[in-house]
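J.: Quick one, model.cif (mmCIF, C-alpha atoms):
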```cif
data_input
loop_
_atom_site.label_atom_id
_atom_site.label_comp_id
_atom_site.auth_asym_id
_atom_site.auth_seq_id
_atom_site.Cartn_x
_atom_site.Cartn_y
_atom_site.Cartn_z
CA MET A 217 12.08 -31.35 -2.51
CA SER A 218 9.90 -33.49 -0.23
CA ASP A 219 6.77 -32.20 1.51
CA GLU A 220 8.54 -32.54 4.87
CA GLU A 221 11.60 -30.57 3.69
CA LEU A 222 9.41 -27.84 2.23
CA ASP A 223 7.32 -27.61 5.41
CA ALA A 224 10.46 -27.42 7.56
CA LEU A 225 11.93 -24.63 5.46
CA LEU A 226 8.77 -22.58 5.29
CA GLU A 227 7.94 -23.25 8.96
CA ASP A 228 4.24 -23.01 8.20
CA GLU A 229 2.53 -20.75 10.72
CA GLY A 230 -0.55 -22.93 10.42
CA GLU A 231 1.10 -26.12 11.61
CA PRO A 232 -0.04 -27.03 15.12
CA SER A 233 2.67 -26.82 17.75
CA ASP A 234 0.63 -28.98 20.12
CA ASP A 235 -1.11 -32.19 19.08
CA VAL A 236 -4.47 -31.02 20.48
CA GLU A 237 -4.40 -27.59 18.85
CA VAL A 238 -6.16 -28.55 15.62
CA VAL A 239 -9.54 -27.99 14.01
CA ILE A 240 -11.96 -30.85 14.54
CA PRO A 241 -15.17 -30.22 12.55
CA GLU A 242 -18.18 -30.06 14.87
CA ASP A 243 -20.30 -32.32 12.66
CA ARG A 244 -17.43 -34.89 12.68
CA PRO A 245 -17.95 -36.12 9.10
CA MET A 246 -16.73 -39.68 8.62
CA PHE A 247 -14.47 -40.65 5.73
CA ARG A 248 -13.92 -44.13 4.26
CA ILE A 249 -10.38 -44.50 2.91
CA PRO A 250 -10.91 -45.77 -0.65
CA SER A 251 -7.52 -47.34 -1.49
CA GLY A 252 -4.00 -48.07 -0.34
CA LYS A 253 -2.70 -49.57 2.86
CA TYR A 254 -5.56 -48.15 4.95
CA LYS A 255 -8.35 -49.04 2.50
CA GLY A 256 -11.69 -49.46 4.21
CA LEU A 257 -10.87 -47.66 7.45
CA VAL A 258 -13.63 -45.24 8.41
CA LEU A 259 -12.34 -42.28 10.39
CA PRO A 260 -13.52 -38.79 11.32
CA ARG A 261 -12.00 -36.00 9.20
CA LEU A 262 -9.30 -33.79 10.74
CA ILE A 263 -8.13 -30.37 9.61
CA ASN A 264 -4.51 -30.23 10.76
CA LEU A 265 -4.26 -26.46 11.22
CA LYS A 266 -4.29 -24.13 14.18
CA PRO A 267 -7.80 -22.70 14.59
CA THR A 268 -6.64 -19.10 14.09
CA TYR A 269 -4.76 -20.01 10.90
CA TYR A 270 -7.73 -22.07 9.67
CA GLU A 271 -9.85 -18.91 9.87
CA LYS A 272 -7.39 -17.22 7.48
CA VAL A 273 -7.51 -20.26 5.17
CA LEU A 274 -11.31 -20.17 5.10
CA ALA A 275 -11.33 -16.42 4.39
CA LEU A 276 -8.94 -16.86 1.44
CA LYS A 277 -10.92 -19.89 0.22
CA GLN A 278 -14.10 -17.81 0.22
CA GLU A 279 -12.31 -15.00 -1.64
CA ILE A 280 -11.07 -17.46 -4.29
CA GLU A 281 -14.50 -19.07 -4.68
CA GLN A 282 -16.12 -15.66 -5.21
CA ASP A 283 -13.68 -14.74 -7.98
CA PRO A 284 -15.68 -14.87 -11.26
CA GLU A 285 -12.66 -16.45 -13.01
CA PHE A 286 -12.45 -19.32 -10.50
CA VAL A 287 -13.20 -22.67 -12.14
CA ARG A 288 -14.27 -25.48 -9.81
CA HIS A 289 -12.69 -28.43 -11.60
CA ALA A 290 -10.17 -30.79 -10.06
CA ASP A 291 -7.79 -30.36 -13.02
CA THR A 292 -7.83 -26.56 -12.78
CA ILE A 293 -7.40 -26.52 -9.01
CA ALA A 294 -4.58 -29.12 -9.22
CA ARG A 295 -2.76 -26.98 -11.81
CA THR A 296 -3.02 -24.00 -9.47
CA TYR A 297 -1.73 -26.16 -6.61
CA ALA A 298 1.29 -27.20 -8.72
CA GLU A 299 2.04 -23.56 -9.58
CA VAL A 300 1.81 -22.41 -5.96
CA ARG A 301 3.81 -25.47 -4.83
CA ARG A 302 6.60 -24.61 -7.29
CA GLU A 303 6.53 -21.01 -6.05
CA ALA A 304 6.79 -22.26 -2.44
CA GLU A 305 9.71 -24.54 -3.35
CA LYS A 306 11.53 -21.66 -5.04
CA LYS A 307 11.05 -19.45 -1.95
CA ALA A 308 12.07 -22.35 0.32
CA ALA A 309 15.28 -22.86 -1.69
CA GLU A 310 16.03 -19.15 -1.38
CA LEU A 311 15.28 -19.28 2.35
CA SER A 312 17.50 -22.36 2.72
CA GLU A 313 20.43 -20.48 1.16
CA ILE A 314 19.77 -17.47 3.41
CA LYS A 315 19.63 -19.71 6.49
CA LEU A 316 22.95 -21.33 5.49
CA ARG A 317 24.60 -17.92 5.11
CA LEU A 318 23.09 -16.73 8.39
CA GLU A 319 24.36 -19.79 10.33
CA THR A 320 27.83 -19.38 8.77
CA ILE A 321 28.03 -15.68 9.66
CA LYS A 322 26.70 -16.44 13.16
CA LEU A 323 29.48 -18.97 13.72
CA LEU A 324 32.11 -16.50 12.47
CA MET A 325 30.64 -13.71 14.60
CA ILE A 326 30.59 -15.75 17.82
CA GLU A 327 34.15 -16.92 17.22
CA GLN A 328 35.28 -13.31 16.71
CA TYR A 329 33.31 -12.03 19.71
CA GLU A 330 35.20 -14.58 21.81
CA VAL A 331 38.56 -13.54 20.30
CA GLU A 332 37.80 -9.89 21.05
CA GLY A 333 36.35 -10.64 24.49
CA THR A 334 32.91 -9.14 23.86
CA THR A 335 29.37 -10.48 24.05
CA GLY A 336 27.69 -7.76 22.03
CA LEU A 337 27.99 -4.71 19.83
CA THR A 338 25.83 -1.78 18.80
CA LEU A 339 26.11 -1.05 15.09
CA SER A 340 26.11 2.43 13.55
CA GLY A 341 22.47 2.07 12.45
CA GLY A 342 21.39 1.27 16.01
CA ASP A 343 21.11 -2.53 15.58
CA LYS A 344 22.34 -4.40 18.65
CA ILE A 345 23.77 -7.89 18.28
CA ARG A 346 24.85 -9.96 21.27
CA TRP A 347 25.23 -13.60 22.08
CA GLU A 348 24.36 -15.37 25.29
CA PRO A 349 26.05 -18.63 26.24
CA ALA A 350 23.44 -20.96 27.77
CA PRO A 351 23.31 -24.60 28.87
CA HIS A 352 21.68 -26.97 26.34
CA LEU A 353 20.91 -30.65 26.99
CA VAL A 354 22.13 -33.25 24.49
CA MET A 355 20.76 -36.78 24.92
CA LEU A 356 23.66 -39.29 24.79
CA ASN A 357 21.96 -42.36 26.27
CA LYS A 358 18.15 -42.33 26.12
CA GLU A 359 17.73 -45.41 28.31
CA GLU A 360 19.88 -44.02 31.13
CA PHE A 361 18.00 -40.74 30.93
CA ARG A 362 14.62 -42.54 30.96
CA LEU A 363 15.58 -44.47 34.10
CA TRP A 364 16.77 -41.25 35.74
CA CYS A 365 13.41 -39.60 34.92
CA ILE A 366 11.57 -42.49 36.58
CA GLU A 367 13.80 -42.24 39.66
CA GLN A 368 12.97 -38.53 39.84
CA GLY A 369 9.22 -39.23 39.71
CA LEU A 370 8.85 -37.77 36.22
CA GLU A 371 7.17 -40.78 34.59
CA ARG A 372 3.90 -38.82 34.19
CA ASP A 373 5.77 -36.28 32.06
CA MET A 374 7.19 -38.95 29.78
CA VAL A 375 5.32 -39.61 26.55
CA LEU A 376 6.15 -41.41 23.35
CA PRO A 377 7.38 -39.22 20.53
CA TRP A 378 4.37 -38.35 18.37
CA GLN A 379 5.76 -40.20 15.33
CA LYS A 380 6.06 -43.45 17.31
CA ALA A 381 2.60 -43.07 18.90
CA ASN A 382 1.08 -42.31 15.47
CA SER A 383 2.74 -45.38 13.95
CA ILE A 384 1.45 -47.61 16.76
CA ALA A 385 -2.09 -46.21 16.41
CA LYS A 386 -2.07 -46.80 12.63
CA GLU A 387 -1.05 -50.43 13.14
CA MET A 388 -3.75 -50.86 15.80
CA LYS A 389 -6.41 -49.56 13.39
CA LEU A 390 -5.14 -51.87 10.62
CA ALA A 391 -5.45 -54.79 13.03
CA GLY A 392 -9.06 -53.77 13.80
CA ARG A 393 -8.25 -52.64 17.33
CA PRO A 394 -9.31 -49.31 18.85
CA GLU A 395 -6.78 -46.56 19.35
CA PRO A 396 -5.06 -46.18 22.74
CA PRO A 397 -7.06 -44.52 25.56
CA GLY A 398 -6.80 -40.74 25.56
CA ALA A 399 -6.19 -40.58 21.80
CA GLU A 400 -8.34 -40.66 18.69
CA VAL A 401 -7.33 -41.48 15.11
CA TYR A 402 -8.60 -39.16 12.38
CA MET A 403 -8.34 -39.11 8.60
CA LEU A 404 -5.76 -36.50 7.66
CA PRO A 405 -5.61 -35.63 3.94
CA LYS A 406 -2.05 -35.68 2.58
CA VAL A 407 -1.22 -34.18 -0.81
CA VAL A 408 1.66 -35.87 -2.61
CA PHE A 409 3.26 -33.71 -5.31
CA THR A 410 5.48 -35.33 -7.93
CA LYS A 411 7.03 -32.91 -10.38
CA GLY A 412 6.55 -33.44 -14.10
CA LYS A 413 8.87 -32.19 -16.83
CA LYS A 414 7.91 -28.50 -16.48
#
```
Hey, can you dump this file as structure tokens for me?

T.:
Amino acid sequence: MSDEELDALLEDEGEPSDDVEVVIPEDRPMFRIPSGKYKGLVLPRLINLKPTYYEKVLALKQEIEQDPEFVRHADTIARTYAEVRREAEKKAAELSEIKLRLETIKLLMIEQYEVEGTTGLTLSGGDKIRWEPAPHLVMLNKEEFRLWCIEQGLERDMVLPWQKANSIAKEMKLAGRPEPPGAEVYMLPKVVFTKGKK
């Protein structure tokens, strides 16, 4: 299971929902990337968590560090990471199966509600389940929609998708150019987990 798939399944409460809602260390420590495609780039460090979640992370980190059995060695910490990662993947697989069952039952329920001409029921235990039909936009032609937005005076609300903007900024840094105005590129640590034979 990839990091992205795991994150999507667990829907990490610490992931920022807004690209400016992250922790930027006050002392802005700089980091030189030692190898790989971005070798040599010097960037400020970024902690890609919501500030309130980061407080929880720091509290747990402190608790772990104060445990007399905690061993501060990369090998020991990496083994613990692998164990917790496997635990997270197991829970994510269970959650994925539950989500599949839930979506299937939801589809069956809505179909039957329509057959029976109802929008909701109250169950014997007091649970209430209803469905609400609502309009939902589906983009069929992005260029036509973009032109319409401009005609409506919405160009100030239009921004590049984050993935595209991030890709452009990375290429700019590789070319020795500064990032676009209104943005700043940080070093974001990424852990890559490749399962062994265990």

J.: Between A:Val408, A:Lys306, A:Val375, A:Pro241, which has the minimum distance to Ile263 in chain A (counting all atoms listed in the file)?

T.: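 Checking each candidate against Ile263 in chain A, we get A:Pro241 as the closest.
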
J.: For the PyMOL selection byres ((chain A and resi 380-382) around 12), applied here, can you spell out every residue it catches as a list in words?

T.: Asp235, Val375, Leu376, Pro377, Trp378, Gln379, Ser383, Ile384, Ala385, Lys386, Glu387, Met388, Lys389, Glu395, Pro396, Pro397, Gly398, Ala399, Glu400, Val401, Tyr402 and Leu404 of chain A

J.: Mind pulling up the distance from CA of Glu305 in chain A to CA of Lys277 in chain A?

T.: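 Computing it gives 21.4 Å between the two atoms.
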
J.: Quick one, how far is CA of Lys307 in chain A from CA of Arg288 in chain A?

T.: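 Spanning CA of Lys307 in chain A to CA of Arg288 in chain A is a straight-line distance of 27.2 Å.
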
J.: What's around Arg302 in chain A at 10 Å? Count only C-alpha atoms, leave out sequence neighbours fewer than 6 positions away in its own chain, and write the answer as a PDB file with C-alpha atoms, in the coordinates of the input.

T.:
```pdb
ATOM      1  CA  MET A 217      12.080 -31.350  -2.510  1.00  0.00           C
ATOM      2  CA  THR A 296      -3.020 -24.000  -9.470  1.00  0.00           C
ATOM      3  CA  ALA A 308      12.070 -22.350   0.320  1.00  0.00           C
ATOM      4  CA  PHE A 409       3.260 -33.710  -5.310  1.00  0.00           C
ATOM      5  CA  LYS A 411       7.030 -32.910 -10.380  1.00  0.00           C
TER       6      LYS A 411
END
```

J.: Using the file's own x, y and z axes, what box holds all listed atoms of range 289-295 of chain A with 3 Å on each side, keeping edges along x, y and z, and what are its centre and edge lengths in Å to one decimal, as JSON?

T.:
```
{"center_x": -7.7, "center_y": -28.7, "center_z": -11.0, "size_x": 15.9, "size_y": 10.3, "size_z": 10.0}
```

J.: Distance CA of Gln278 in chain A-CA of Ile249 in chain A, one decimal place?

T.: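 These atoms are spaced 27.1 Å apart.
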
J.: I'd like to know which of A:Gly392, A:Ile345, A:Lys413, A:Met403 is closest to Phe247 in chain A, using only C-alpha atoms.

T.: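 For Phe247 in chain A, the nearest of the candidates is A:Met403.
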
J.: With all atoms listed in the file as the atoms that count, which of A:Met374, A:Ile314, A:Arg301, A:Gly342 lies nearest to Thr410 in chain A?

T.: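 Between A:Met374, A:Ile314, A:Arg301, A:Gly342, the residue approaching Thr410 in chain A most closely is A:Arg301.
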